[in-house]
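See below for entry-v4.cif, which holds mmCIF, C-alpha atoms.
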```cif
data_my_file
#
loop_
_atom_site.label_atom_id
_atom_site.label_comp_id
_atom_site.auth_asym_id
_atom_site.auth_seq_id
_atom_site.Cartn_x
_atom_site.Cartn_y
_atom_site.Cartn_z
CA MET A 8 -186.61 -99.52 22.08
CA LYS A 9 -183.58 -97.77 20.57
CA ILE A 10 -180.44 -98.79 22.50
CA ILE A 11 -176.83 -97.73 21.90
CA ILE A 12 -174.04 -99.86 23.36
CA ALA A 13 -170.51 -98.46 23.55
CA GLY A 14 -167.96 -101.26 23.71
CA ALA A 15 -168.03 -104.53 21.77
CA GLY A 16 -165.99 -106.49 24.31
CA GLU A 17 -167.30 -109.48 26.25
CA VAL A 18 -170.01 -107.55 28.13
CA GLY A 19 -171.08 -105.31 25.25
CA PHE A 20 -171.27 -108.08 22.67
CA HIS A 21 -173.22 -110.34 25.03
CA LEU A 22 -175.72 -107.55 25.73
CA ALA A 23 -176.09 -106.81 22.02
CA LYS A 24 -176.66 -110.50 21.35
CA LEU A 25 -179.35 -110.89 24.01
CA LEU A 26 -181.12 -107.66 23.08
CA SER A 27 -181.09 -108.42 19.35
CA TYR A 28 -183.03 -111.62 20.05
CA GLU A 29 -185.82 -109.41 21.41
CA SER A 30 -186.04 -107.27 18.27
CA GLN A 31 -184.67 -104.17 19.97
CA GLU A 32 -183.06 -101.51 17.75
CA ILE A 33 -179.38 -101.89 18.69
CA THR A 34 -176.35 -99.84 17.65
CA LEU A 35 -172.96 -101.17 18.78
CA ILE A 36 -169.94 -98.81 18.85
CA ASP A 37 -166.29 -99.85 19.15
CA PRO A 38 -162.95 -98.36 18.02
CA ASN A 39 -161.64 -101.83 17.08
CA LYS A 40 -163.11 -102.81 13.73
CA HIS A 41 -162.21 -106.47 14.32
CA ASN A 42 -164.53 -106.57 17.36
CA LEU A 43 -167.44 -105.49 15.20
CA VAL A 44 -167.02 -107.95 12.31
CA TYR A 45 -168.58 -110.96 14.03
CA ALA A 46 -171.38 -108.88 15.56
CA GLU A 47 -172.28 -107.32 12.22
CA THR A 48 -172.41 -110.66 10.37
CA HIS A 49 -174.18 -112.71 13.07
CA LEU A 50 -176.55 -110.26 14.78
CA ASP A 51 -179.38 -108.10 13.48
CA ILE A 52 -177.82 -104.86 14.71
CA LYS A 53 -176.12 -101.73 13.39
CA VAL A 54 -172.39 -101.27 14.10
CA LEU A 55 -170.28 -98.10 14.08
CA ASN A 56 -166.48 -98.13 14.12
CA GLY A 57 -165.06 -95.29 16.19
CA ASP A 58 -164.61 -93.63 19.59
CA ALA A 59 -167.76 -93.51 21.74
CA THR A 60 -166.63 -90.14 23.11
CA SER A 61 -166.77 -88.60 19.63
CA ILE A 62 -169.70 -86.19 19.40
CA ARG A 63 -169.78 -86.64 15.64
CA LEU A 64 -170.05 -90.42 16.01
CA LEU A 65 -172.74 -90.15 18.71
CA ASN A 66 -174.79 -87.92 16.43
CA GLU A 67 -174.30 -90.43 13.62
CA ALA A 68 -175.69 -93.08 15.95
CA ARG A 69 -178.72 -90.81 16.52
CA VAL A 70 -178.09 -90.65 20.26
CA SER A 71 -180.73 -87.92 20.65
CA SER A 72 -183.44 -90.53 20.05
CA ALA A 73 -181.86 -93.28 22.18
CA GLU A 74 -183.99 -94.50 25.06
CA LEU A 75 -180.97 -96.21 26.63
CA PHE A 76 -177.21 -95.57 26.25
CA ILE A 77 -174.94 -98.24 27.77
CA ALA A 78 -171.18 -97.68 28.01
CA VAL A 79 -169.36 -100.94 28.83
CA THR A 80 -165.90 -100.50 27.31
CA SER A 81 -162.86 -101.67 29.28
CA SER A 82 -162.05 -98.02 30.09
CA GLN A 83 -163.89 -96.50 33.04
CA THR A 84 -162.97 -92.98 31.89
CA THR A 85 -164.36 -93.61 28.41
CA ASN A 86 -167.60 -94.98 29.84
CA ILE A 87 -168.17 -92.03 32.14
CA THR A 88 -167.32 -89.47 29.44
CA ALA A 89 -169.49 -91.19 26.82
CA CYS A 90 -172.49 -91.28 29.17
CA VAL A 91 -172.13 -87.60 30.07
CA LEU A 92 -171.97 -86.68 26.38
CA ALA A 93 -174.85 -89.00 25.43
CA LYS A 94 -177.09 -87.47 28.11
CA GLN A 95 -176.27 -83.93 26.99
CA LEU A 96 -177.03 -84.92 23.40
CA GLY A 97 -180.49 -86.22 24.32
CA ALA A 98 -180.23 -89.88 25.45
CA ASN A 99 -183.06 -90.70 27.86
CA LYS A 100 -181.16 -92.99 30.27
CA THR A 101 -177.45 -93.80 30.60
CA ILE A 102 -175.55 -96.65 32.27
CA ALA A 103 -171.78 -96.69 32.78
CA ARG A 104 -169.57 -99.67 33.60
CA ILE A 105 -166.93 -98.72 36.18
CA SER A 106 -163.99 -100.47 37.83
CA ASN A 107 -163.57 -98.18 40.85
CA THR A 108 -166.38 -99.34 43.14
CA GLU A 109 -165.92 -96.25 45.33
CA PHE A 110 -168.05 -94.52 42.71
CA ILE A 111 -170.93 -96.86 43.60
CA ASP A 112 -170.31 -96.58 47.35
CA PHE A 113 -170.49 -92.76 47.20
CA LYS A 114 -172.83 -92.28 44.23
CA ASP A 115 -175.49 -90.47 46.26
CA GLU A 116 -172.90 -88.21 47.88
CA VAL A 117 -171.26 -87.33 44.55
CA GLY A 118 -174.53 -87.16 42.63
CA PHE A 119 -173.61 -88.79 39.33
CA THR A 120 -177.09 -88.13 37.96
CA LYS A 121 -176.24 -84.40 37.94
CA PHE A 122 -173.48 -85.19 35.44
CA GLY A 123 -175.78 -87.28 33.26
CA ILE A 124 -175.09 -90.81 34.52
CA ASP A 125 -178.25 -92.59 35.69
CA GLU A 126 -176.71 -95.89 36.79
CA LEU A 127 -173.26 -97.33 37.56
CA ILE A 128 -172.45 -101.03 37.33
CA SER A 129 -169.35 -103.04 38.18
CA PRO A 130 -169.34 -106.64 36.87
CA GLU A 131 -166.54 -107.43 39.32
CA GLN A 132 -168.53 -106.14 42.29
CA LEU A 133 -171.61 -108.05 41.11
CA ALA A 134 -169.52 -111.23 40.94
CA ALA A 135 -168.13 -110.67 44.45
CA LYS A 136 -171.65 -110.15 45.83
CA GLU A 137 -172.84 -113.30 44.07
CA ILE A 138 -170.01 -115.31 45.66
CA GLU A 139 -170.78 -113.99 49.15
CA LEU A 140 -174.46 -114.86 48.75
CA LEU A 141 -173.57 -118.37 47.55
CA LEU A 142 -171.39 -118.93 50.61
CA ASN A 143 -174.21 -117.79 52.89
CA GLN A 144 -176.54 -120.31 51.18
CA SER A 145 -173.86 -122.98 50.86
CA VAL A 146 -176.03 -126.02 50.04
CA PHE A 147 -177.69 -124.38 47.03
CA ASN A 148 -176.32 -123.99 43.48
CA ASP A 149 -178.10 -120.74 42.58
CA THR A 150 -179.29 -117.91 44.75
CA TYR A 151 -180.65 -114.37 44.40
CA GLU A 152 -182.16 -112.07 47.02
CA PHE A 153 -185.07 -109.68 46.59
CA GLU A 154 -185.31 -106.73 49.00
CA ASP A 155 -182.46 -107.88 51.28
CA GLY A 156 -183.80 -111.42 51.60
CA ALA A 157 -187.52 -110.77 52.05
CA LEU A 158 -187.83 -113.31 49.24
CA THR A 159 -184.95 -115.48 48.03
CA MET A 160 -184.49 -117.56 44.90
CA LEU A 161 -182.72 -120.88 45.60
CA GLY A 162 -181.76 -123.57 43.10
CA LEU A 163 -180.73 -127.17 43.74
CA ASN A 164 -180.37 -130.55 42.07
CA LEU A 165 -182.68 -133.26 43.43
CA THR A 166 -180.97 -136.46 44.55
CA LYS A 167 -182.62 -139.82 45.22
CA ASN A 168 -182.61 -138.91 48.95
CA ALA A 169 -185.00 -136.00 48.44
CA GLN A 170 -188.42 -136.68 49.98
CA ILE A 171 -190.16 -134.84 47.16
CA VAL A 172 -188.75 -137.06 44.37
CA GLY A 173 -191.56 -139.01 42.73
CA LYS A 174 -194.21 -136.69 44.18
CA SER A 175 -196.24 -134.03 42.42
CA VAL A 176 -195.91 -130.39 43.42
CA LYS A 177 -199.33 -130.58 45.05
CA ASP A 178 -198.46 -133.71 47.08
CA ALA A 179 -195.02 -132.37 48.05
CA ALA A 180 -196.69 -129.29 49.53
CA LYS A 181 -198.52 -131.54 52.02
CA LEU A 182 -195.29 -132.82 53.58
CA ILE A 183 -194.82 -129.66 55.65
CA PRO A 184 -197.74 -127.50 56.86
CA ASN A 185 -197.54 -123.79 56.06
CA LEU A 186 -194.71 -124.12 53.55
CA HIS A 187 -192.40 -121.18 53.01
CA PHE A 188 -191.24 -122.12 49.51
CA VAL A 189 -192.75 -122.70 46.07
CA PRO A 190 -191.13 -124.18 42.91
CA ILE A 191 -191.02 -121.76 39.99
CA ALA A 192 -188.87 -123.52 37.33
CA ILE A 193 -187.66 -127.04 36.55
CA GLN A 194 -185.03 -128.35 34.15
CA ARG A 195 -185.03 -132.13 33.71
CA TYR A 196 -181.70 -133.95 33.95
CA GLY A 197 -180.06 -134.15 30.54
CA SER A 198 -182.52 -131.68 29.01
CA HIS A 199 -182.17 -128.05 27.98
CA LEU A 200 -185.92 -127.47 28.32
CA THR A 201 -187.14 -125.23 31.14
CA THR A 202 -190.71 -125.72 32.36
CA ILE A 203 -192.92 -123.78 34.76
CA PRO A 204 -194.25 -126.32 37.29
CA ARG A 205 -197.96 -126.76 38.02
CA GLY A 206 -199.76 -128.73 40.70
CA ASP A 207 -199.54 -132.05 38.84
CA THR A 208 -195.87 -131.66 37.81
CA LEU A 209 -193.70 -134.48 39.19
CA PHE A 210 -190.32 -133.93 40.85
CA LEU A 211 -187.79 -136.42 39.42
CA GLU A 212 -184.30 -137.44 40.50
CA GLY A 213 -181.70 -135.25 38.82
CA ASP A 214 -184.08 -132.32 38.28
CA HIS A 215 -182.60 -128.87 38.68
CA VAL A 216 -185.36 -127.01 40.52
CA VAL A 217 -185.54 -123.30 41.33
CA PHE A 218 -187.67 -122.18 44.29
CA ILE A 219 -188.85 -118.88 45.72
CA THR A 220 -188.63 -118.88 49.52
CA SER A 221 -189.79 -116.58 52.27
CA LYS A 222 -188.17 -116.56 55.72
CA GLY A 223 -187.51 -120.13 56.88
CA GLY A 224 -187.98 -121.65 53.44
CA ASP A 225 -184.31 -122.56 53.06
CA ASP A 226 -184.42 -124.79 56.15
CA GLU A 227 -187.58 -126.52 54.92
CA LEU A 228 -186.02 -127.09 51.51
CA CYS A 229 -182.94 -128.66 53.06
CA ARG A 230 -185.12 -131.02 55.08
CA LEU A 231 -187.22 -132.20 52.12
CA ALA A 232 -184.28 -132.34 49.71
CA GLY A 233 -182.16 -134.45 52.06
CA LEU A 234 -179.50 -131.74 52.34
CA PHE A 235 -177.53 -130.78 55.44
CA LYS A 236 -176.46 -127.22 56.06
CA THR A 237 -172.75 -126.93 56.73
CA GLU A 238 -171.12 -123.79 58.07
CA ILE A 239 -168.54 -122.25 55.79
CA ARG A 240 -165.53 -121.02 57.75
CA ASN A 241 -162.32 -121.75 55.84
CA VAL A 242 -162.22 -120.28 52.34
CA MET A 243 -159.47 -120.48 49.71
CA ILE A 244 -159.53 -118.01 46.81
CA LEU A 245 -157.49 -118.71 43.69
CA GLY A 246 -156.69 -115.45 41.92
CA GLY A 247 -156.09 -112.03 43.45
CA GLY A 248 -157.48 -109.89 40.63
CA ARG A 249 -160.39 -107.48 41.05
CA ILE A 250 -162.95 -110.17 41.83
CA GLY A 251 -160.64 -112.10 44.14
CA ARG A 252 -159.69 -108.92 46.00
CA LYS A 253 -163.28 -107.69 46.34
CA THR A 254 -164.45 -111.13 47.48
CA ALA A 255 -161.69 -111.42 50.08
CA LYS A 256 -162.40 -107.91 51.36
CA SER A 257 -166.14 -108.52 51.71
CA LEU A 258 -165.57 -111.86 53.48
CA SER A 259 -162.82 -110.71 55.85
CA ASN A 260 -165.25 -109.64 58.56
CA GLY A 261 -164.17 -112.19 61.18
CA ARG A 262 -166.64 -114.88 60.19
CA PHE A 263 -164.38 -116.45 57.53
CA ASN A 264 -160.74 -117.52 57.51
CA ILE A 265 -159.48 -116.46 54.07
CA LYS A 266 -156.48 -117.62 52.06
CA VAL A 267 -155.74 -115.98 48.70
CA ILE A 268 -153.32 -117.59 46.26
CA GLU A 269 -151.88 -115.15 43.73
CA ASN A 270 -149.17 -116.00 41.20
CA ASN A 271 -148.08 -112.42 40.51
CA LYS A 272 -145.55 -111.34 43.15
CA GLU A 273 -146.22 -107.59 42.88
CA ARG A 274 -149.98 -108.09 43.12
CA ALA A 275 -149.54 -110.48 46.07
CA PHE A 276 -147.64 -107.83 48.05
CA GLU A 277 -150.28 -105.24 47.16
CA LEU A 278 -153.02 -107.58 48.41
CA ALA A 279 -151.10 -108.17 51.65
CA ASP A 280 -151.09 -104.40 52.26
CA ARG A 281 -154.78 -103.99 51.40
CA LEU A 282 -156.08 -107.08 53.22
CA PRO A 283 -154.36 -107.28 56.63
CA ASN A 284 -156.80 -109.92 57.92
CA THR A 285 -156.25 -112.24 54.96
CA LEU A 286 -153.41 -114.72 54.38
CA ILE A 287 -151.84 -114.01 50.96
CA ILE A 288 -149.75 -116.75 49.34
CA ASN A 289 -147.56 -115.89 46.35
CA ALA A 290 -147.59 -119.14 44.37
CA ASP A 291 -149.00 -120.94 41.34
CA GLY A 292 -152.43 -122.21 42.37
CA ARG A 293 -152.34 -124.87 39.67
CA ASN A 294 -149.67 -126.71 41.66
CA VAL A 295 -151.44 -129.60 43.36
CA GLU A 296 -148.62 -130.15 45.87
CA LEU A 297 -148.82 -126.51 46.91
CA LEU A 298 -152.56 -126.73 47.50
CA GLU A 299 -152.05 -129.85 49.57
CA GLU A 300 -149.37 -128.04 51.61
CA GLU A 301 -151.88 -125.26 52.21
CA ASN A 302 -154.34 -127.87 53.55
CA ILE A 303 -156.92 -127.64 50.81
CA GLU A 304 -158.69 -130.67 52.28
CA GLU A 305 -159.51 -128.54 55.34
CA MET A 306 -161.21 -125.84 53.27
CA ASP A 307 -164.99 -125.48 53.37
CA ALA A 308 -165.08 -123.49 50.13
CA PHE A 309 -162.80 -123.06 47.12
CA ILE A 310 -163.33 -120.05 44.83
CA ALA A 311 -161.42 -119.92 41.53
CA VAL A 312 -161.51 -116.46 39.95
CA THR A 313 -158.36 -116.23 37.84
CA GLY A 314 -158.54 -114.78 34.34
CA ASN A 315 -158.44 -118.27 32.81
CA SER A 316 -161.72 -120.23 32.74
CA GLU A 317 -160.06 -123.60 32.20
CA THR A 318 -157.73 -123.06 35.18
CA ASN A 319 -160.73 -122.16 37.33
CA ILE A 320 -162.69 -125.25 36.27
CA ILE A 321 -159.82 -127.74 36.64
CA SER A 322 -158.69 -126.36 40.00
CA SER A 323 -162.28 -126.43 41.30
CA LEU A 324 -162.65 -130.05 40.22
CA MET A 325 -159.42 -130.88 41.99
CA ALA A 326 -160.66 -129.11 45.14
CA LYS A 327 -163.92 -131.07 44.98
CA ASN A 328 -161.89 -134.27 44.67
CA LYS A 329 -160.05 -133.29 47.84
CA GLY A 330 -163.33 -133.08 49.74
CA VAL A 331 -164.05 -129.31 49.61
CA LYS A 332 -167.80 -128.86 50.25
CA LYS A 333 -168.44 -125.77 48.09
CA THR A 334 -166.71 -124.95 44.81
CA ILE A 335 -167.30 -121.81 42.73
CA ALA A 336 -165.57 -121.08 39.42
CA LEU A 337 -165.54 -117.94 37.29
CA VAL A 338 -165.95 -118.73 33.58
CA GLU A 339 -166.15 -116.58 30.46
CA ASN A 340 -167.72 -119.15 28.14
CA ILE A 341 -171.46 -119.28 28.79
CA ASP A 342 -171.67 -122.71 27.16
CA TYR A 343 -169.83 -124.11 30.18
CA PHE A 344 -172.90 -123.47 32.34
CA GLU A 345 -174.63 -126.55 30.97
CA LEU A 346 -171.68 -128.69 32.10
CA SER A 347 -171.26 -127.38 35.64
CA HIS A 348 -173.52 -129.77 37.53
CA SER A 349 -172.67 -132.83 35.44
CA ILE A 350 -168.91 -132.41 35.92
CA GLY A 351 -169.16 -131.79 39.66
CA ILE A 352 -168.64 -128.04 40.21
CA ASP A 353 -171.27 -126.53 42.49
CA THR A 354 -171.62 -123.13 40.84
CA LEU A 355 -170.26 -121.30 37.82
CA ILE A 356 -170.47 -117.52 37.65
CA ASN A 357 -170.09 -115.27 34.64
CA LYS A 358 -169.49 -111.51 34.63
CA LYS A 359 -171.31 -111.03 31.33
CA LEU A 360 -174.50 -112.61 32.64
CA LEU A 361 -174.34 -110.69 35.92
CA ALA A 362 -173.87 -107.38 34.09
CA ALA A 363 -176.64 -108.24 31.64
CA ASN A 364 -179.01 -109.07 34.51
CA SER A 365 -178.28 -105.72 36.11
CA ILE A 366 -178.94 -103.84 32.87
CA PHE A 367 -181.87 -105.86 31.54
CA ARG A 368 -184.36 -104.47 34.04
CA TYR A 369 -184.13 -101.15 32.21
CA ILE A 370 -185.30 -102.86 29.02
CA ARG A 371 -188.37 -104.50 30.52
CA LYS A 372 -191.69 -102.64 30.46
CA GLY A 373 -193.57 -101.96 33.65
CA ASN A 374 -191.90 -100.78 36.85
CA VAL A 375 -189.13 -103.41 37.11
CA VAL A 376 -186.86 -102.93 40.12
CA ALA A 377 -184.88 -106.18 39.98
CA MET A 378 -184.23 -108.87 37.41
CA THR A 379 -182.09 -111.98 36.99
CA LYS A 380 -181.79 -114.69 34.36
CA LEU A 381 -181.72 -118.21 35.78
CA SER A 382 -178.33 -119.84 35.26
CA SER A 383 -178.37 -122.47 32.48
CA MET A 384 -182.17 -122.10 32.25
CA ASP A 385 -184.18 -120.22 29.64
CA ALA A 386 -186.20 -118.15 32.10
CA GLU A 387 -186.18 -114.76 33.82
CA LEU A 388 -187.07 -113.64 37.33
CA LEU A 389 -188.50 -110.13 37.48
CA GLU A 390 -189.59 -107.98 40.40
CA PHE A 391 -192.36 -105.53 39.46
CA VAL A 392 -193.81 -102.72 41.57
CA VAL A 393 -197.61 -102.62 41.27
CA ASN A 394 -199.12 -99.22 40.53
CA ALA A 395 -202.72 -98.32 41.33
CA ASN A 396 -203.55 -98.32 37.61
CA SER A 397 -201.77 -101.62 36.85
CA LYS A 398 -203.97 -104.29 35.29
CA ILE A 399 -203.00 -106.70 38.09
CA CYS A 400 -203.89 -104.31 40.95
CA ASP A 401 -206.73 -105.42 43.28
CA LYS A 402 -207.02 -108.75 41.43
CA ILE A 403 -207.02 -112.29 42.84
CA ILE A 404 -204.28 -114.36 41.21
CA LYS A 405 -206.44 -117.34 40.17
CA GLU A 406 -208.84 -114.97 38.38
CA LEU A 407 -206.06 -113.50 36.24
CA ASN A 408 -205.52 -114.77 32.72
CA PHE A 409 -201.85 -115.22 33.57
CA PRO A 410 -199.83 -117.11 30.92
CA LEU A 411 -199.06 -120.78 31.68
CA SER A 412 -195.41 -120.19 30.83
CA ALA A 413 -195.11 -117.80 33.77
CA ILE A 414 -195.77 -117.96 37.50
CA ILE A 415 -196.06 -115.48 40.36
CA GLY A 416 -193.59 -116.77 42.92
CA GLY A 417 -194.11 -114.32 45.74
CA VAL A 418 -195.03 -110.82 46.87
CA ILE A 419 -193.20 -108.36 49.10
CA ARG A 420 -195.62 -106.14 51.00
CA ASN A 421 -194.38 -103.52 53.45
CA GLY A 422 -190.97 -105.21 53.48
CA GLN A 423 -192.37 -108.67 54.30
CA GLY A 424 -192.02 -111.52 51.82
CA MET A 425 -194.94 -113.91 51.34
CA LEU A 426 -195.82 -116.68 48.93
CA ALA A 427 -198.63 -115.79 46.54
CA LEU A 428 -200.99 -118.70 45.86
CA GLY A 429 -204.27 -118.72 43.93
CA ASP A 430 -206.43 -116.84 46.47
CA PHE A 431 -203.87 -114.08 47.04
CA LYS A 432 -205.04 -110.54 46.17
CA ILE A 433 -202.47 -108.16 44.67
CA GLN A 434 -202.49 -104.60 46.02
CA ALA A 435 -200.97 -101.28 44.97
CA ARG A 436 -197.30 -100.85 45.96
CA ASP A 437 -196.83 -104.63 46.23
CA ARG A 438 -193.55 -105.91 44.80
CA VAL A 439 -194.40 -108.99 42.76
CA VAL A 440 -191.74 -111.58 41.80
CA VAL A 441 -192.54 -113.36 38.54
CA CYS A 442 -190.72 -116.22 36.79
CA CYS A 443 -191.41 -116.40 33.07
CA LEU A 444 -190.19 -118.08 29.90
CA PRO A 445 -189.21 -115.84 26.94
CA GLU A 446 -192.48 -116.36 25.06
CA SER A 447 -194.55 -114.91 27.90
CA ILE A 448 -192.47 -111.85 28.82
CA LYS A 449 -194.52 -109.33 26.81
CA LYS A 450 -197.82 -110.60 28.20
CA VAL A 451 -196.46 -110.57 31.76
CA GLU A 452 -195.25 -106.99 31.29
CA SER A 453 -198.73 -105.94 30.19
CA PHE A 454 -200.13 -106.79 33.65
CA PHE A 455 -197.87 -104.18 35.26
CA PHE A 456 -198.22 -101.19 32.89
#
```
Render the structure in this file as structure tokens.
Amino acid sequence: MKIIIAGAGEVGFHLAKLLSYESQEITLIDPNKHNLVYAETHLDIKVLNGDATSIRLLNEARVSSAELFIAVTSSQTTNITACVLAKQLGANKTIARISNTEFIDFKDEVGFTKFGIDELISPEQLAAKEIELLLNQSVFNDTYEFEDGALTMLGLNLTKNAQIVGKSVKDAAKLIPNLHFVPIAIQRYGSHLTTIPRGDTLFLEGDHVVFITSKGGDDELCRLAGLFKTEIRNVMILGGGRIGRKTAKSLSNGRFNIKVIENNKERAFELADRLPNTLIINADGRNVELLEEENIEEMDAFIAVTGNSETNIISSLMAKNKGVKKTIALVENIDYFELSHSIGIDTLINKKLLAANSIFRYIRKGNVVAMTKLSSMDAELLEFVVNANSKICDKIIKELNFPLSAIIGGVIRNGQGMLALGDFKIQARDRVVVCCLPESIKKVESFFF
């Protein structure tokens, strides 16, 4: 697939890096030559130095033959303009990164597709949604919803109190009749290796396990994992930037008591005007005495989303030390993900990964409607729509030659989520959720052509 990426910043470079690993034909455009040097020397891609809104440069990039044009510069105006031009010059599909989320809220009313923009993404909005979902599933480290929760991905670390520790997947399934969850990926403690569990796979203490659940599965998981659901009411947000503001706005619906700590005085007053139901504190959130004065020990959740990863990590660790149940930190360095659970932070989030997840479904073959990469694990979750002529249609799962490095976690049929075991028959229009390791992606895609 020929893909052009405008913008070699954190999101653009990360996308180019991931896509180059899959032998896609990538062209990366950026006006700053320095941003392109590392990409050109370390990735198997083509780079072009210049303005992505230049028609001459777009023609040089052969935009007319591009199957996908992605504009993810730091300028919303540049991204929109570049996508409109790329579409007019022959690009098949265009995606623009935007900062004004009103564009997403009113995209159907405005009709951006008429201008040549097929999809709008906001990494900040994606991060805010991720945080809200994590607070709603407070005992889990990772979470992702398919079709408004018809099926949900939940990740957790197994402690010695978990009833399933020491048991095989098959034996663990016998502990509760009519289970509403199934394990789809396991990462052993201290290992970087991700495995797809089978019936004889043992659950071990310290395992990071990802499950697919249908309705009620989260309660069953809590019971067997020795976890206790705690209601999140009092939330402290460190950082009043775009993510902090969007998170506070989405949470200020009466269910949560929100405090936002913002160091910048002008921004703090702006937040106070925009968020009348939220307490805004103009102070340095790195000040331990201040946090104690603001009763951090009474908080149920602490969310650190400043522009500094180290500040977010250290402040979250301090909050955890003060007894805060749920800590979430925004980080820019993806390498930090492997440290999150070992150092004591519940969840790390990364805008680059969230944006990449949103865009990656356009790269996958077959009718992919949702996709996420598992945090700190080398695996993908994909939601495919089954067509009548798909190879998997009208087939029983156990009779498929499905790769061992992939697993069908569940199926959504007529809006209802259900677990798909060996005797389950796939039908046309089913939405099938698959977890797969990188080596099996192409074979999995072939089932849904």
Once the PyMOL selection byres ((chain A and resi 36-42) around 7) has been evaluated on this model, what residues remain selected, and can you format them as a list of chain:residue names?
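This file gives the following for the PyMOL selection byres ((chain A and resi 36-42) around 7): A:Ile12, A:Ala13, A:Gly14, A:Ala15, A:Thr34, A:Leu35, A:Leu43, A:Val44, A:Tyr45, A:Val54, A:Leu55, A:Asn56, A:Gly57, A:Asp58, A:Ala59.
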Just give me the gap between CA of Asn315 in chain A and CA of Asp353 in chain A in Å, one decimal is fine.
18.1 Å
Distance of CA of Asp385 in chain A from CA of Asn148 in chain A, expressed in Å to one decimal place
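Between CA of Asn148 in chain A and CA of Asp385 in chain A the gap works out to 16.4 Å.
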Could you tell me which residues the PyMOL selection byres ((chain A and resi 434) around 9) returns for this structure, as a PDB file with C-alpha atoms, in the coordinates of the input?
```
ATOM      1  CA  VAL A 393    -197.610-102.620  41.270  1.00  0.00           C
ATOM      2  CA  ASN A 394    -199.120 -99.220  40.530  1.00  0.00           C
ATOM      3  CA  ALA A 395    -202.720 -98.320  41.330  1.00  0.00           C
ATOM      4  CA  ILE A 399    -203.000-106.700  38.090  1.00  0.00           C
ATOM      5  CA  CYS A 400    -203.890-104.310  40.950  1.00  0.00           C
ATOM      6  CA  ASP A 401    -206.730-105.420  43.280  1.00  0.00           C
ATOM      7  CA  LYS A 402    -207.020-108.750  41.430  1.00  0.00           C
ATOM      8  CA  ARG A 420    -195.620-106.140  51.000  1.00  0.00           C
ATOM      9  CA  LYS A 432    -205.040-110.540  46.170  1.00  0.00           C
ATOM     10  CA  ILE A 433    -202.470-108.160  44.670  1.00  0.00           C
ATOM     11  CA  ALA A 435    -200.970-101.280  44.970  1.00  0.00           C
ATOM     12  CA  ARG A 436    -197.300-100.850  45.960  1.00  0.00           C
ATOM     13  CA  ASP A 437    -196.830-104.630  46.230  1.00  0.00           C
TER      14      ASP A 437
END
```
If we count all atoms listed in the file and set the cut-off at 6 Å, which residues sit around Glu390 in chain A, ignoring sequence neighbours fewer than 3 positions away in its own chain? Please answer as a PyMOL selection string.
chain A and resi 375-377+439-440
Residues matched by the PyMOL selection byres ((chain A and resi 415) around 12) as a PyMOL selection string
chain A and resi 189-192+203-205+218-219+387-391+399+403-405+407+409-414+416-419+425-429+431-433+438-443+451+454
Contacts of range 253-267 of chain A at 10 Å or less, counting all atoms listed in the file, minus same-chain residues fewer than 5 places along, as an MDAnalysis selection string?
chainID A and resid 108 131:139 142 238:248 275 278:279 281:290 292 301 306:312
Nearest residue to Lys174 in chain A out of A:Ala363, A:Leu64, A:Leu211, A:Ile193, using all atoms listed in the file?
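Of all the options, A:Leu211 lies closest to Lys174 in chain A.
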In the coordinate frame of the file, compute which residues have an atom within 12 Å of (-199.1, -127.0, 50.6) when using only C-alpha atoms, and state them as an NGL selection string.
:A and (175-190 or 206 or 426-429)
Distance of CA of Leu161 in chain A from CA of Asp226 in chain A, expressed in Å to one decimal place:
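Atom-to-atom, CA of Asp226 in chain A to CA of Leu161 in chain A, that is 11.4 Å.
For the residues A:Leu22, A:Leu65, A:Leu228, A:Met8, ranking by smallest atom-to-atom distance to Leu50 in chain A using only C-alpha atoms places A:Leu22 first.
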Looking at A:Ile62, A:Ala23, A:Ile33, A:Leu75, which one is nearest to Leu96 in chain A, with distances taken over all atoms listed in the file?
A:Ile62
